[in-house]
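**Student:** What follows is a structure written as structure tokens; I'll ask about it next.
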Protein chains: 2
Amino acid sequence: MNQTNFASLYAASESRILKELTQYLSFQSISTDPAYDADCRRCAEWLCAEVQKFGFTSRLVETGTKPVLLASRAGKIGKPKVLIYGHYDVQPVDPVSAWQSPPFEAVQRDGRIWARGATDNKGPTFSLLKALEALHQAGHFDVPVTLLIEGEEESGSAGLYKVLPDLAKELEADILLVSDTTTAKQGVPGITMSLRALIGLEVTVKGLSKDLHSGIHGGAVANPATELCRLISSLHNGDGSIAVDGYYEGVKPPSAEELKRIEANPLSLAEYQKQVGVLPLGGETGFSAFVRRGCRPCIDINGFHSGYGGPGGKTIIPAFATAKITSRLVDGQNPLKCLESLVAHLKAQPLRGLELDIQASPPQTHALRVDLSEAHVQRAIAAIKETAGAEPVLLWEGASIPVLGALVKISKAKPLLVGLIQEDDNMHAPDESFSVAHIRQGFLFACQFLGSL
Amino acid sequence: MNQTNFASLYAASESRILKELTQYLSFQSISTDPAYDADCRRCAEWLCAEVQKFGFTSRLVETGTKPVLLASRAGKIGKPKVLIYGHYDVQPVDPVSAWQSPPFEAVQRDGRIWARGATDNKGPTFSLLKALEALHQAGHFDVPVTLLIEGEEESGSAGLYKVLPDLAKELEADILLVSDTTTAKQGVPGITMSLRALIGLEVTVKGLSKDLHSGIHGGAVANPATELCRLISSLHNGDGSIAVDGYYEGVKPPSAEELKRIEANPLSLAEYQKQVGVLPLGGETGFSAFVRRGCRPCIDINGFHSGYGGPGGKTIIPAFATAKITSRLVDGQNPLKCLESLVAHLKAQPLRGLELDIQASPPQTHALRVDLSEAHVQRAIAAIKETAGAEPVLLWEGASIPVLGALVKISKAKPLLVGLIQEDDNMHAPDESFSVAHIRQGFLFACQFLGSL
């Protein structure tokens with residue numbers, strides 16, 4: 001079956017597909033609020049029955065929190081096995097008054113389907129499922145596929161993490177296909193080539209019995225805020241590189257071809273500046289902004305609080321100073337080792353009589369990097385060109401989807417992140433929507449890509 | 001009239017003195033709250049009439065806010081002129097439920113008089129006034145005296161600052177005598193040998209359009225909190241000294257005799273640690289804690305706020321970071337020049353695309369240092385020995401009383417700060433009190449000292 005046939009097939013099925021998606025979107029599967037536990041379960045049960053309609057053996061895996069949908073369908077011997085990951089849970093809907101139509105009653109308007117979960121992640125994953133259905137109906141279902149659709153992505157994936165080790169065998173695959181990322185070009189799926197891992201710690205400098213009078217004690221007693229500033233400053237060298245011993249161990253430079261693609265990011269520096277307010281001049285000297293965020297680790301202060309912050313002044317030496325620090329790591333770095341080096345670095349700084357308190361949890365995180373030279377990546381690029389008529393934008397992203405790193409590790413699969421989310425989809429915000437054209441693109445891409453394996 | 005005679009005179013007058021002080025303490029002269037404006041004025045009027053009873057010509061100087069009491073009495077030709085400064089205003093009394101007796105109904109209990117203002121500053125200054133009365137009644141009033149008692153010391157002295165230039169001629173004096181400081185030895189007035197000047201600024205690093213996602217932008221866009229930490233860290237060298245160009249210009253080292261006295265501070269480092277929670281190991285290497293706070297400038301962070309401070313984490317690059325910074329300066333430093341150097345130093349630091357905003361007001365501040373070798377200081381030490389039977393503790397303080405620096409400058413007088421406040425007087429707190437023995441000591445000291453000039 002060729003590309004044109006899938007296009008006609010989609011055209012003939014679109015109204016039915018949208019009707020079914022509307023049903024999927026009607027479940028109030030908000031994972032963060034236990035009040036919606038039953039809705040989450042009903043949503044998972046519905047999905048579990050749906051996939052059986054096109055040849056999948058499916059079951060709900062109990063996690064103690066939200067059930068995980070696990071389904072599989074055999075393919076031809078010798079074909080690579082594909083693991084598809086998605087999530088059926090959604091973000092809360094507050095403030096509900098800000099929605100133009102009720103968040104769980106999907107409507108079509110302006111070429112879009114409007115509902116909570118439309119773009120994150122029910123719409124994109126549903127377009128993949130409908131492609132599987134089409135392949136099944138056309139008798140072209142050649143690759144073995146496993147579906148893993150969880151119900152807690154928006155609230156930390158605790159249930160999935162819990163059952164992952166038990167599912168290791170069943171999840172083994174060659175390719176991990178996920179559609180939960182963005183595209184920079186309307187109508188053309190984007191490929192996310194990297195995600196960073198995330199580690200975090202909370203650092204407090206303390207020891208004073210209370211806020212002290214800064215006149216009586218200034219110069220005699222060390223100032224916790226000043227000392228914490230010094231600790232934080234010690235994390236970077238003058239050229240913006242990270243000063244923690246061994247932090248860059250395992251960091252791999254992008255290939256020449258990757259570098260070319262990274263710099264082809266359609267966002268100009270001027271547009272970037274317009275988006276964030278300043279020119280992106282942070283981080284290491286000698287790397288472009290796109291390389292820095294996509295291929296280099298970074299350490300950021302997410303919050304720093306100490307002493308008086310109200311109007312006017314208060315002449316105190318603050319009793320303590322505390323900072324929330326996170327670091328993004330790239331593929332090749334060892335998150336636990338990085339966290340330990342960071343803690344050791346901070347502990348090695350002199351504190352002039354004050355005390356250091358560091359809170360950190362062992363990291364459950366893995367960075368992810370898609371290798372541009374891999375055959376399945378080249379196939380995906382080709383499939384996008386054929387179905388969308390344009391070269392996909394490849395994005396080396398700096399953000400983290402922690403569960404994907406864990407999935408790559410446990411499934412031993414090579415990741416492929418093909419995304420269709422756009423900024424104006426209002427992800428996590430009121431009036432979420434997903435372009436109907438993007439449902440079609442997701443469908444066509446999946447038919448083409450899976451058919452090409 | 002000798003020492004013994006003044007002691008008998010005090011003994012004979014004590015109950016009357018305490019009764020009059022009780023009346024002075026009954027005025028609700030809270031300066032920070034305009035609701036007490038009329039109480040402040042009644043208090044000033046009462047005091048204005050009181051001092052006339054022992055030979056003073058007095059008037060209230062209108063300031064637009066609280067009136068200032070200005071009074072003067074001639075003395076013998078050739079005697080040094082003494083300017084006495086004090087304040088009739090008091091701190092607020094909240095929480096009033098924490099008081100054992102109503103704050104404006106003074107009571108005697110356990111050898112103390114309990115009321116708001118008892119120790120700060122009605123009690124100490126009243127004991128000086130009663131000494132003037134005694135000298136007047138005994139016919140021993142030899143030195144010309146000017147009284148300047150303001151009503152806004154607790155809220156910034158705005159009114160006094162406003163009228164000071166107009167009063168310059170009237171305030172000219174040889175000695176500025178103030179009793180609004182502490183003593184480290186019960187029953188023995190202390191002498192405060194130094195006060196530091198105070199300059200302040202608020203520094204904000206900004207430029208981002210909003211809090212940014214630290215994954216998407218981390219490493220690409222500079223982090224305002226990290227940058228502000230670096231700015232603040234740049235203010236000090238590794239040895240704890242201030243790294244701002246020219247900051248130490250004019251700083252004079254203590255003499256050998258002063259150094260001996262400074263180190264004779266009765267507080268041991270262990271006791272200091274108990275008081276503040278840590279060993280006093282801040283500031284410059286090579287100077288003791290007491291020298292650092294008494295004779296050296298310092299820069300302190302009073303508050304630093306940026307980004308998320310709630311429970312858990314929030315992976316953002318904060319839109320801005322802001323710090324409140326103050327610096328204490330010692331005698332010899334030029335406050336305006338120091339502030340300008342500090343601002344120039346901060347502005348000279350690279351900011352990686354972010355913006356720097358600095359808010360500062362021109363300083364209205366002067367440090368103050370009493371020269372141990374001056375004759376009037378030696379006379380005061382002798383007067384304390386004679387009246388209290390012990391050597392006074394000399395304190396090189398790090399705190400600031402900005403208006404005193406201004407008064408020294410405008411009156412051209414040499415300062416003499418003889419204090420009787422103790423920690424357990426609960427200054428600024430509920431259950432404020434002043435030791436009756438200290439009223440006697442203040443009275444006797446003043447009689448002896450003024451008689452010795």
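Residues in the structure tokens are numbered from 1 in each chain, the chains being A, B, ... in the order shown, and ligands are numbered from 1 in the order shown.
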Give me, as a Markdown table, each residue of chain B that comes within 6 Å of chain A, together with its shortest interatomic pair and the distance in Å at one decimal, counting only C-alpha atoms, with rows ordered by chain and rising residue number.

**Tutor:**
| residue | atom | partner | partner_atom | distance |
| --- | --- | --- | --- | --- |
| B:Gly207 | CA | A:Gly277 | CA | 5.9 |
| B:Leu208 | CA | A:Gly277 | CA | 4.6 |
| B:Ser209 | CA | A:Gly277 | CA | 4.6 |
| B:Gly215 | CA | A:Ala399 | CA | 3.7 |
| B:Ile216 | CA | A:Gly398 | CA | 4.8 |
| B:Gly219 | CA | A:Gly283 | CA | 4.4 |
| B:Ala220 | CA | A:Ala289 | CA | 4.6 |
| B:Val221 | CA | A:Pro280 | CA | 4.3 |
| B:Ala222 | CA | A:Gly282 | CA | 3.6 |
| B:Cys229 | CA | A:Cys229 | CA | 4.4 |
| B:Arg230 | CA | A:Ser233 | CA | 5.2 |
| B:Ser233 | CA | A:Arg230 | CA | 5.2 |
| B:Val276 | CA | A:Ser209 | CA | 5.3 |
| B:Gly277 | CA | A:Leu208 | CA | 4.6 |
| B:Val278 | CA | A:Leu208 | CA | 6.0 |
| B:Leu279 | CA | A:Gly353 | CA | 5.7 |
| B:Pro280 | CA | A:Val221 | CA | 4.3 |
| B:Leu281 | CA | A:Arg352 | CA | 5.1 |
| B:Gly282 | CA | A:Ala222 | CA | 3.6 |
| B:Gly283 | CA | A:Gly219 | CA | 4.4 |
| B:Ala289 | CA | A:Ala220 | CA | 4.6 |
| B:Arg292 | CA | A:Gly219 | CA | 5.5 |
| B:Arg293 | CA | A:Gly219 | CA | 5.3 |
| B:Cys298 | CA | A:Gly219 | CA | 5.1 |
| B:Asn302 | CA | A:Ile316 | CA | 5.2 |
| B:Gly303 | CA | A:Gly307 | CA | 4.2 |
| B:Phe304 | CA | A:Ser306 | CA | 5.1 |
| B:His305 | CA | A:His305 | CA | 4.6 |
| B:Ser306 | CA | A:Phe304 | CA | 5.1 |
| B:Gly307 | CA | A:Gly303 | CA | 4.1 |
| B:Tyr308 | CA | A:Gly303 | CA | 4.5 |
| B:Gly309 | CA | A:Gly303 | CA | 5.8 |
| B:Thr315 | CA | A:Asn302 | CA | 6.0 |
| B:Ile316 | CA | A:Asn302 | CA | 5.2 |
| B:Ile317 | CA | A:Asn302 | CA | 5.6 |
| B:Arg352 | CA | A:Leu281 | CA | 5.1 |
| B:Gly353 | CA | A:Leu281 | CA | 5.6 |
| B:Gly398 | CA | A:Ile216 | CA | 4.8 |
| B:Ala399 | CA | A:Gly215 | CA | 3.7 |

**Student:** DSSP on the backbone: which residues in segment 59-236 of chain A end up as helix (DSSP H, G or I)? Give the answer as JSON, numbers by chain.

**Tutor:** {"A": [96, 97, 98, 118, 119, 120, 121, 122, 123, 124, 125, 126, 127, 128, 129, 130, 131, 132, 133, 134, 135, 136, 137, 153, 154, 155, 158, 159, 160, 161, 162, 163, 164, 165, 166, 167, 168, 169, 170, 171, 214, 215, 216, 217, 224, 225, 226, 227, 228, 229, 230, 231, 232, 233]}

**Student:** B:Thr192, B:Thr32, B:Ser157, B:Gln422: which is nearest Val370 of chain B, counting only C-alpha atoms?

**Tutor:** B:Thr192

**Student:** With a distance cut-off of 6 Å and only C-alpha atoms, select the neighbouring residues of segment 76-86 of chain A, excluding the residue or stretch itself and same-chain residues fewer than 2 positions from it, and output the selection as number ranges by chain.

**Tutor:** A: 125, 142-149, 173-178

**Student:** Determine, counting only C-alpha atoms, which protein, DNA and RNA residues have an atom within 10 Å of an atom of segment 166-168 of chain B; residues of the same chain fewer than 2 positions away are not included. Present the result as an MDAnalysis selection string.

**Tutor:** chainID B and resid 61 70 160:164 170:173 407 409:412
